[in-house]
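Next up, input02.pdb (PDB, C-alpha atoms):
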MODEL        1
ATOM      1  CA  MET T   1      27.562 189.420 144.797  1.00  0.00           C
ATOM      2  CA  LYS T   2      29.890 192.412 145.173  1.00  0.00           C
ATOM      3  CA  ARG T   3      32.639 190.556 143.313  1.00  0.00           C
ATOM      4  CA  ALA T   4      30.336 189.767 140.407  1.00  0.00           C
ATOM      5  CA  PHE T   5      29.240 193.408 140.244  1.00  0.00           C
ATOM      6  CA  ARG T   6      32.895 194.550 140.225  1.00  0.00           C
ATOM      7  CA  ARG T   7      33.671 192.107 137.408  1.00  0.00           C
ATOM      8  CA  LEU T   8      30.720 193.380 135.393  1.00  0.00           C
ATOM      9  CA  SER T   9      31.718 196.991 136.023  1.00  0.00           C
ATOM     10  CA  SER T  10      35.322 196.440 134.999  1.00  0.00           C
ATOM     11  CA  PHE T  11      34.154 194.588 131.894  1.00  0.00           C
ATOM     12  CA  THR T  12      31.851 197.434 130.914  1.00  0.00           C
ATOM     13  CA  ARG T  13      34.611 200.022 131.451  1.00  0.00           C
ATOM     14  CA  LEU T  14      37.011 197.937 129.372  1.00  0.00           C
ATOM     15  CA  LEU T  15      34.457 197.440 126.632  1.00  0.00           C
ATOM     16  CA  HIS T  16      33.754 201.176 126.350  1.00  0.00           C
ATOM     17  CA  SER T  17      37.345 202.359 126.720  1.00  0.00           C
ATOM     18  CA  ARG T  18      38.873 204.455 123.960  1.00  0.00           C
ATOM     19  CA  PRO T  19      40.609 203.023 122.137  1.00  0.00           C
ATOM     20  CA  PRO T  20      38.936 199.662 122.777  1.00  0.00           C
ATOM     21  CA  PRO T  21      41.253 196.821 123.696  1.00  0.00           C
ATOM     22  CA  ARG T  22      42.778 195.065 120.691  1.00  0.00           C
ATOM     23  CA  ALA T  23      43.548 191.781 122.349  1.00  0.00           C
ATOM     24  CA  PRO T  24      40.808 189.921 124.180  1.00  0.00           C
ATOM     25  CA  LEU T  25      43.168 188.937 127.019  1.00  0.00           C
ATOM     26  CA  ALA T  26      41.666 191.297 129.602  1.00  0.00           C
ATOM     27  CA  LEU T  27      38.147 190.379 128.497  1.00  0.00           C
ATOM     28  CA  ASN T  28      38.992 186.685 128.742  1.00  0.00           C
ATOM     29  CA  ARG T  29      40.207 187.134 132.301  1.00  0.00           C
ATOM     30  CA  ILE T  30      36.934 188.725 133.320  1.00  0.00           C
ATOM     31  CA  LEU T  31      34.852 186.112 131.476  1.00  0.00           C
ATOM     32  CA  ALA T  32      36.898 183.278 133.003  1.00  0.00           C
ATOM     33  CA  SER T  33      36.473 184.693 136.500  1.00  0.00           C
ATOM     34  CA  LEU T  34      32.708 184.947 135.972  1.00  0.00           C
ATOM     35  CA  ALA T  35      32.583 181.357 134.725  1.00  0.00           C
ATOM     36  CA  LYS T  36      34.698 180.183 137.643  1.00  0.00           C
ATOM     37  CA  ALA T  37      32.249 181.923 139.996  1.00  0.00           C
ATOM     38  CA  LYS T  38      29.437 180.035 138.204  1.00  0.00           C
ATOM     39  CA  ARG T  39      27.957 183.272 136.844  1.00  0.00           C
ATOM     40  CA  PHE T  40      27.372 181.654 133.464  1.00  0.00           C
ATOM     41  CA  PRO T  41      24.450 183.842 132.306  1.00  0.00           C
ATOM     42  CA  ALA T  42      26.471 186.981 133.086  1.00  0.00           C
ATOM     43  CA  ALA T  43      29.433 185.684 131.085  1.00  0.00           C
ATOM     44  CA  ILE T  44      27.154 184.817 128.149  1.00  0.00           C
ATOM     45  CA  PHE T  45      25.591 188.278 128.290  1.00  0.00           C
ATOM     46  CA  LEU T  46      29.010 189.953 128.327  1.00  0.00           C
ATOM     47  CA  CYS T  47      30.195 187.902 125.350  1.00  0.00           C
ATOM     48  CA  ALA T  48      27.143 189.071 123.441  1.00  0.00           C
ATOM     49  CA  GLN T  49      27.880 192.670 124.471  1.00  0.00           C
ATOM     50  CA  THR T  50      31.449 192.307 123.237  1.00  0.00           C
ATOM     51  CA  GLU T  51      30.367 191.082 119.829  1.00  0.00           C
ATOM     52  CA  SER T  52      27.681 193.713 119.379  1.00  0.00           C
ATOM     53  CA  ARG T  53      29.512 196.782 120.717  1.00  0.00           C
ATOM     54  CA  ALA T  54      33.235 196.279 120.323  1.00  0.00           C
ATOM     55  CA  ARG T  55      33.703 195.171 116.747  1.00  0.00           C
ATOM     56  CA  SER T  56      37.445 195.765 117.045  1.00  0.00           C
ATOM     57  CA  VAL T  57      37.713 193.036 119.688  1.00  0.00           C
ATOM     58  CA  ALA T  58      37.457 189.758 117.827  1.00  0.00           C
ATOM     59  CA  PRO T  59      36.919 186.809 120.153  1.00  0.00           C
ATOM     60  CA  CYS T  60      39.766 184.323 120.133  1.00  0.00           C
ATOM     61  CA  HIS T  61      39.495 180.582 120.655  1.00  0.00           C
ATOM     62  CA  VAL T  62      39.859 181.077 124.424  1.00  0.00           C
ATOM     63  CA  THR T  63      36.885 183.458 124.494  1.00  0.00           C
ATOM     64  CA  LEU T  64      34.787 181.022 122.502  1.00  0.00           C
ATOM     65  CA  THR T  65      35.834 178.086 124.705  1.00  0.00           C
ATOM     66  CA  ILE T  66      34.705 180.029 127.778  1.00  0.00           C
ATOM     67  CA  LEU T  67      31.412 180.737 126.013  1.00  0.00           C
ATOM     68  CA  ILE T  68      31.024 177.041 125.114  1.00  0.00           C
ATOM     69  CA  ASN T  69      31.579 176.148 128.770  1.00  0.00           C
ATOM     70  CA  CYS T  70      28.976 178.660 129.905  1.00  0.00           C
ATOM     71  CA  PHE T  71      26.358 177.433 127.438  1.00  0.00           C
ATOM     72  CA  CYS T  72      26.963 173.837 128.510  1.00  0.00           C
ATOM     73  CA  HIS T  73      26.517 174.721 132.177  1.00  0.00           C
ATOM     74  CA  VAL T  74      23.179 176.420 131.557  1.00  0.00           C
ATOM     75  CA  GLY T  75      21.953 173.409 129.569  1.00  0.00           C
ATOM     76  CA  LYS T  76      22.235 174.978 126.108  1.00  0.00           C
ATOM     77  CA  VAL T  77      24.443 172.360 124.417  1.00  0.00           C
ATOM     78  CA  ALA T  78      23.037 173.186 120.980  1.00  0.00           C
ATOM     79  CA  LEU T  79      24.232 176.778 121.411  1.00  0.00           C
ATOM     80  CA  ALA T  80      27.610 175.477 122.592  1.00  0.00           C
ATOM     81  CA  PHE T  81      27.911 173.539 119.326  1.00  0.00           C
ATOM     82  CA  SER T  82      26.853 176.664 117.459  1.00  0.00           C
ATOM     83  CA  VAL T  83      29.774 178.519 119.061  1.00  0.00           C
ATOM     84  CA  PHE T  84      32.068 175.613 118.118  1.00  0.00           C
ATOM     85  CA  GLY T  85      30.816 175.981 114.536  1.00  0.00           C
ATOM     86  CA  LYS T  86      31.601 179.700 114.679  1.00  0.00           C
ATOM     87  CA  LEU T  87      35.112 178.840 115.852  1.00  0.00           C
ATOM     88  CA  LEU T  88      35.558 176.477 112.890  1.00  0.00           C
ATOM     89  CA  LYS T  89      34.026 178.941 110.415  1.00  0.00           C
ATOM     90  CA  ARG T  90      36.411 181.682 111.493  1.00  0.00           C
ATOM     91  CA  GLY T  91      39.362 179.342 111.075  1.00  0.00           C
ATOM     92  CA  LEU T  92      40.358 179.691 114.714  1.00  0.00           C
ATOM     93  CA  PRO T  93      42.361 176.882 116.252  1.00  0.00           C
ATOM     94  CA  TYR T  94      40.735 174.573 118.732  1.00  0.00           C
ATOM     95  CA  ASP T  95      42.439 172.310 121.167  1.00  0.00           C
ATOM     96  CA  VAL T  96      41.767 169.453 123.534  1.00  0.00           C
ATOM     97  CA  VAL T  97      40.462 171.920 126.141  1.00  0.00           C
ATOM     98  CA  THR T  98      37.748 173.119 123.755  1.00  0.00           C
ATOM     99  CA  VAL T  99      36.737 169.592 122.761  1.00  0.00           C
ATOM    100  CA  ASN T 100      36.843 168.355 126.376  1.00  0.00           C
ATOM    101  CA  THR T 101      34.626 171.271 127.369  1.00  0.00           C
ATOM    102  CA  LEU T 102      32.056 170.193 124.772  1.00  0.00           C
ATOM    103  CA  ILE T 103      32.244 166.529 125.792  1.00  0.00           C
ATOM    104  CA  ASN T 104      31.871 167.452 129.465  1.00  0.00           C
ATOM    105  CA  GLY T 105      28.900 169.681 128.679  1.00  0.00           C
ATOM    106  CA  ILE T 106      27.196 166.947 126.689  1.00  0.00           C
ATOM    107  CA  CYS T 107      27.725 164.494 129.559  1.00  0.00           C
ATOM    108  CA  LEU T 108      26.508 167.020 132.150  1.00  0.00           C
ATOM    109  CA  ASN T 109      23.289 167.331 130.193  1.00  0.00           C
ATOM    110  CA  GLY T 110      22.709 163.574 130.213  1.00  0.00           C
ATOM    111  CA  ALA T 111      23.543 162.788 126.597  1.00  0.00           C
ATOM    112  CA  VAL T 112      26.562 160.551 127.070  1.00  0.00           C
ATOM    113  CA  SER T 113      25.782 158.597 123.875  1.00  0.00           C
ATOM    114  CA  THR T 114      26.041 161.877 121.945  1.00  0.00           C
ATOM    115  CA  ALA T 115      29.354 162.575 123.685  1.00  0.00           C
ATOM    116  CA  LEU T 116      30.657 159.156 122.619  1.00  0.00           C
ATOM    117  CA  LYS T 117      29.504 159.755 119.043  1.00  0.00           C
ATOM    118  CA  PHE T 118      31.203 163.168 119.000  1.00  0.00           C
ATOM    119  CA  HIS T 119      34.367 161.539 120.391  1.00  0.00           C
ATOM    120  CA  ASP T 120      34.296 158.869 117.691  1.00  0.00           C
ATOM    121  CA  GLU T 121      33.820 161.453 114.920  1.00  0.00           C
ATOM    122  CA  MET T 122      36.687 163.602 116.185  1.00  0.00           C
ATOM    123  CA  LEU T 123      38.890 160.513 116.604  1.00  0.00           C
ATOM    124  CA  ALA T 124      38.129 159.475 113.012  1.00  0.00           C
ATOM    125  CA  ASP T 125      39.265 162.952 111.916  1.00  0.00           C
ATOM    126  CA  GLY T 126      42.604 162.355 113.634  1.00  0.00           C
ATOM    127  CA  PHE T 127      42.032 164.441 116.757  1.00  0.00           C
ATOM    128  CA  GLU T 128      44.156 163.374 119.718  1.00  0.00           C
ATOM    129  CA  PHE T 129      42.449 163.192 123.089  1.00  0.00           C
ATOM    130  CA  ASN T 130      43.997 163.104 126.550  1.00  0.00           C
ATOM    131  CA  GLU T 131      43.294 161.344 129.823  1.00  0.00           C
ATOM    132  CA  ILE T 132      40.879 164.102 130.870  1.00  0.00           C
ATOM    133  CA  THR T 133      38.693 163.276 127.870  1.00  0.00           C
ATOM    134  CA  TYR T 134      38.492 159.636 128.806  1.00  0.00           C
ATOM    135  CA  GLY T 135      37.956 160.404 132.488  1.00  0.00           C
ATOM    136  CA  THR T 136      35.066 162.663 131.499  1.00  0.00           C
ATOM    137  CA  LEU T 137      33.531 159.998 129.262  1.00  0.00           C
ATOM    138  CA  ILE T 138      33.937 157.292 131.925  1.00  0.00           C
ATOM    139  CA  ASN T 139      32.337 159.547 134.570  1.00  0.00           C
ATOM    140  CA  GLY T 140      29.490 160.347 132.193  1.00  0.00           C
ATOM    141  CA  LEU T 141      28.916 156.676 131.477  1.00  0.00           C
ATOM    142  CA  CYS T 142      28.921 155.816 135.182  1.00  0.00           C
ATOM    143  CA  ASP T 143      26.524 158.684 135.965  1.00  0.00           C
ATOM    144  CA  ALA T 144      24.204 157.339 133.264  1.00  0.00           C
ATOM    145  CA  GLY T 145      24.333 153.852 134.823  1.00  0.00           C
ATOM    146  CA  LYS T 146      26.358 152.389 131.961  1.00  0.00           C
ATOM    147  CA  THR T 147      29.169 150.964 134.071  1.00  0.00           C
ATOM    148  CA  LYS T 148      29.786 147.989 131.766  1.00  0.00           C
ATOM    149  CA  VAL T 149      30.426 150.354 128.858  1.00  0.00           C
ATOM    150  CA  ALA T 150      32.640 152.493 131.127  1.00  0.00           C
ATOM    151  CA  VAL T 151      34.725 149.461 132.125  1.00  0.00           C
ATOM    152  CA  ARG T 152      34.987 148.407 128.474  1.00  0.00           C
ATOM    153  CA  LEU T 153      36.195 151.916 127.546  1.00  0.00           C
ATOM    154  CA  LEU T 154      38.715 151.851 130.397  1.00  0.00           C
ATOM    155  CA  ARG T 155      40.077 148.480 129.248  1.00  0.00           C
ATOM    156  CA  MET T 156      40.311 149.736 125.669  1.00  0.00           C
ATOM    157  CA  ILE T 157      42.298 152.767 126.843  1.00  0.00           C
ATOM    158  CA  GLN T 158      44.617 150.597 128.927  1.00  0.00           C
ATOM    159  CA  HIS T 159      45.161 148.289 125.972  1.00  0.00           C
ATOM    160  CA  CYS T 160      46.033 151.196 123.655  1.00  0.00           C
ATOM    161  CA  VAL T 161      48.312 152.974 126.126  1.00  0.00           C
ATOM    162  CA  PHE T 162      50.256 150.079 127.571  1.00  0.00           C
TER     163      PHE T 162
ENDMDL
END
Mind turning the file's structure into structure tokens?
Amino acid sequence: MKRAFRRLSSFTRLLHSRPPPRAPLALNRILASLAKAKRFPAAIFLCAQTESRARSVAPCHVTLTILINCFCHVGKVALAFSVFGKLLKRGLPYDVVTVNTLINGICLNGAVSTALKFHDEMLADGFEFNEITYGTLINGLCDAGKTKVAVRLLRMIQHCVF
């Protein structure tokens, strides 16, 4: 608990410093450490504080990916997709980490069919996934009791790779 309080205190000091930080690197470190400590609501709250108080600190794609992860872990997948939409609207780049975070969050919340649909849509748009994506989808399918579909996906991946 002391560590979380120290993180929150350092975040607040950084947020109110004059001049405010231009790059979100220090803020991202604090948010990432909160997320790693599974303090997802605190990280979400601090992201909201950043956007409302420090207008000079524009969140980068890393900040928004951390926020997506936090929303997924508290069961707010719709808000995670809203953040993804914000990322797209602002023209920020997104990468396989961002997309994998969304897919993992969807699977964690028991909507593996939605995760597969999202995967298929992104694949149709030319997005390139990695082995972590497919491991996440296979785990989600197995957790949902859809082992036949998981095996079929694994065979499809093996066929495409080898």
Could you give me, as a short mmCIF file (atom, residue, chain, number, x, y, z; two decimals) with C-alpha atoms, in the frame of the given file, the residues within 9 Å of Ala111 of chain T, counting all atoms listed in the file and dropping anything in the same chain fewer than 5 positions from it?
data_model
loop_
_atom_site.label_atom_id
_atom_site.label_comp_id
_atom_site.auth_asym_id
_atom_site.auth_seq_id
_atom_site.Cartn_x
_atom_site.Cartn_y
_atom_site.Cartn_z
CA GLY T 105 28.90 169.68 128.68
CA ILE T 106 27.20 166.95 126.69
CA LEU T 116 30.66 159.16 122.62
CA GLY T 140 29.49 160.35 132.19
CA ALA T 144 24.20 157.34 133.26
#
Gap from atom CA of Asp95 of chain T to atom CA of Asn69 of chain T - Å, one decimal: 13.8 Å
What's around Val77 of chain T at 9 Å? Count all atoms listed in the file, leave out sequence neighbours fewer than 5 positions away in its own chain, and write the answer as a PDB file with C-alpha atoms, keeping the file's coordinate frame.
ATOM      1  CA  ILE T  68      31.024 177.041 125.114  1.00  0.00           C
ATOM      2  CA  PHE T  71      26.358 177.433 127.438  1.00  0.00           C
ATOM      3  CA  CYS T  72      26.963 173.837 128.510  1.00  0.00           C
ATOM      4  CA  SER T  82      26.853 176.664 117.459  1.00  0.00           C
ATOM      5  CA  LEU T 102      32.056 170.193 124.772  1.00  0.00           C
ATOM      6  CA  GLY T 105      28.900 169.681 128.679  1.00  0.00           C
ATOM      7  CA  ILE T 106      27.196 166.947 126.689  1.00  0.00           C
ATOM      8  CA  ASN T 109      23.289 167.331 130.193  1.00  0.00           C
TER       9      ASN T 109
END
Around (22.1, 181.0, 134.4), as given in the file, which residues come within 10 Å? Count only C-alpha atoms and list them as a JSON list (two decimals) with C-alpha atoms, in the frame of the given file.
[["chain", "number", "residue", "atom", "x", "y", "z"],
["T", 38, "LYS", "CA", 29.44, 180.04, 138.20],
["T", 39, "ARG", "CA", 27.96, 183.27, 136.84],
["T", 40, "PHE", "CA", 27.37, 181.65, 133.46],
["T", 41, "PRO", "CA", 24.45, 183.84, 132.31],
["T", 42, "ALA", "CA", 26.47, 186.98, 133.09],
["T", 43, "ALA", "CA", 29.43, 185.68, 131.08],
["T", 44, "ILE", "CA", 27.15, 184.82, 128.15],
["T", 70, "CYS", "CA", 28.98, 178.66, 129.90],
["T", 71, "PHE", "CA", 26.36, 177.43, 127.44],
["T", 73, "HIS", "CA", 26.52, 174.72, 132.18],
["T", 74, "VAL", "CA", 23.18, 176.42, 131.56],
["T", 75, "GLY", "CA", 21.95, 173.41, 129.57]]
Segment 87-93 of chain T environment, 9 Å, all atoms listed in the file, sequence neighbours closer than 3 positions dropped, as an MDAnalysis selection string: chainID T and resid 60:61 64:65 82:84
Result set of the PyMOL selection byres ((chain T and resi 118) around 12) on the coordinates above, as a ChimeraX atom specification: /T:81,99-100,102-107,111-117,119-125,127,129,133,137
For segment 155-161 of chain T: contacts at 12 Å, all atoms listed in the file, fewer than 5 positions along chain excluded, given as a PyMOL selection string: chain T and resi 129-131+133-135+137-138+148-150
Nearest to Pro59 of chain T by atom-to-atom distance, counting all atoms listed in the file, from T:Leu154, T:Ala80, T:Ala26, T:Val97: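 Closest residue, counting all atoms listed in the file: T:Ala26.
Reported to one decimal place, the separation of atom CA of Val62 of chain T from atom CA of Asn28 of chain T is 7.1 Å.
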Atomic distance atom CA of Gly126 of chain T - atom CA of Val96 of chain T, expressed in Å with one decimal: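 Those two atoms sit 12.2 Å apart.
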T:Cys47, T:Lys86, T:Thr136, T:Arg152 ranked by distance to Leu34 of chain T, top pick (using all atoms listed in the file):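 Closest to Leu34 of chain T of all the choices is T:Cys47.
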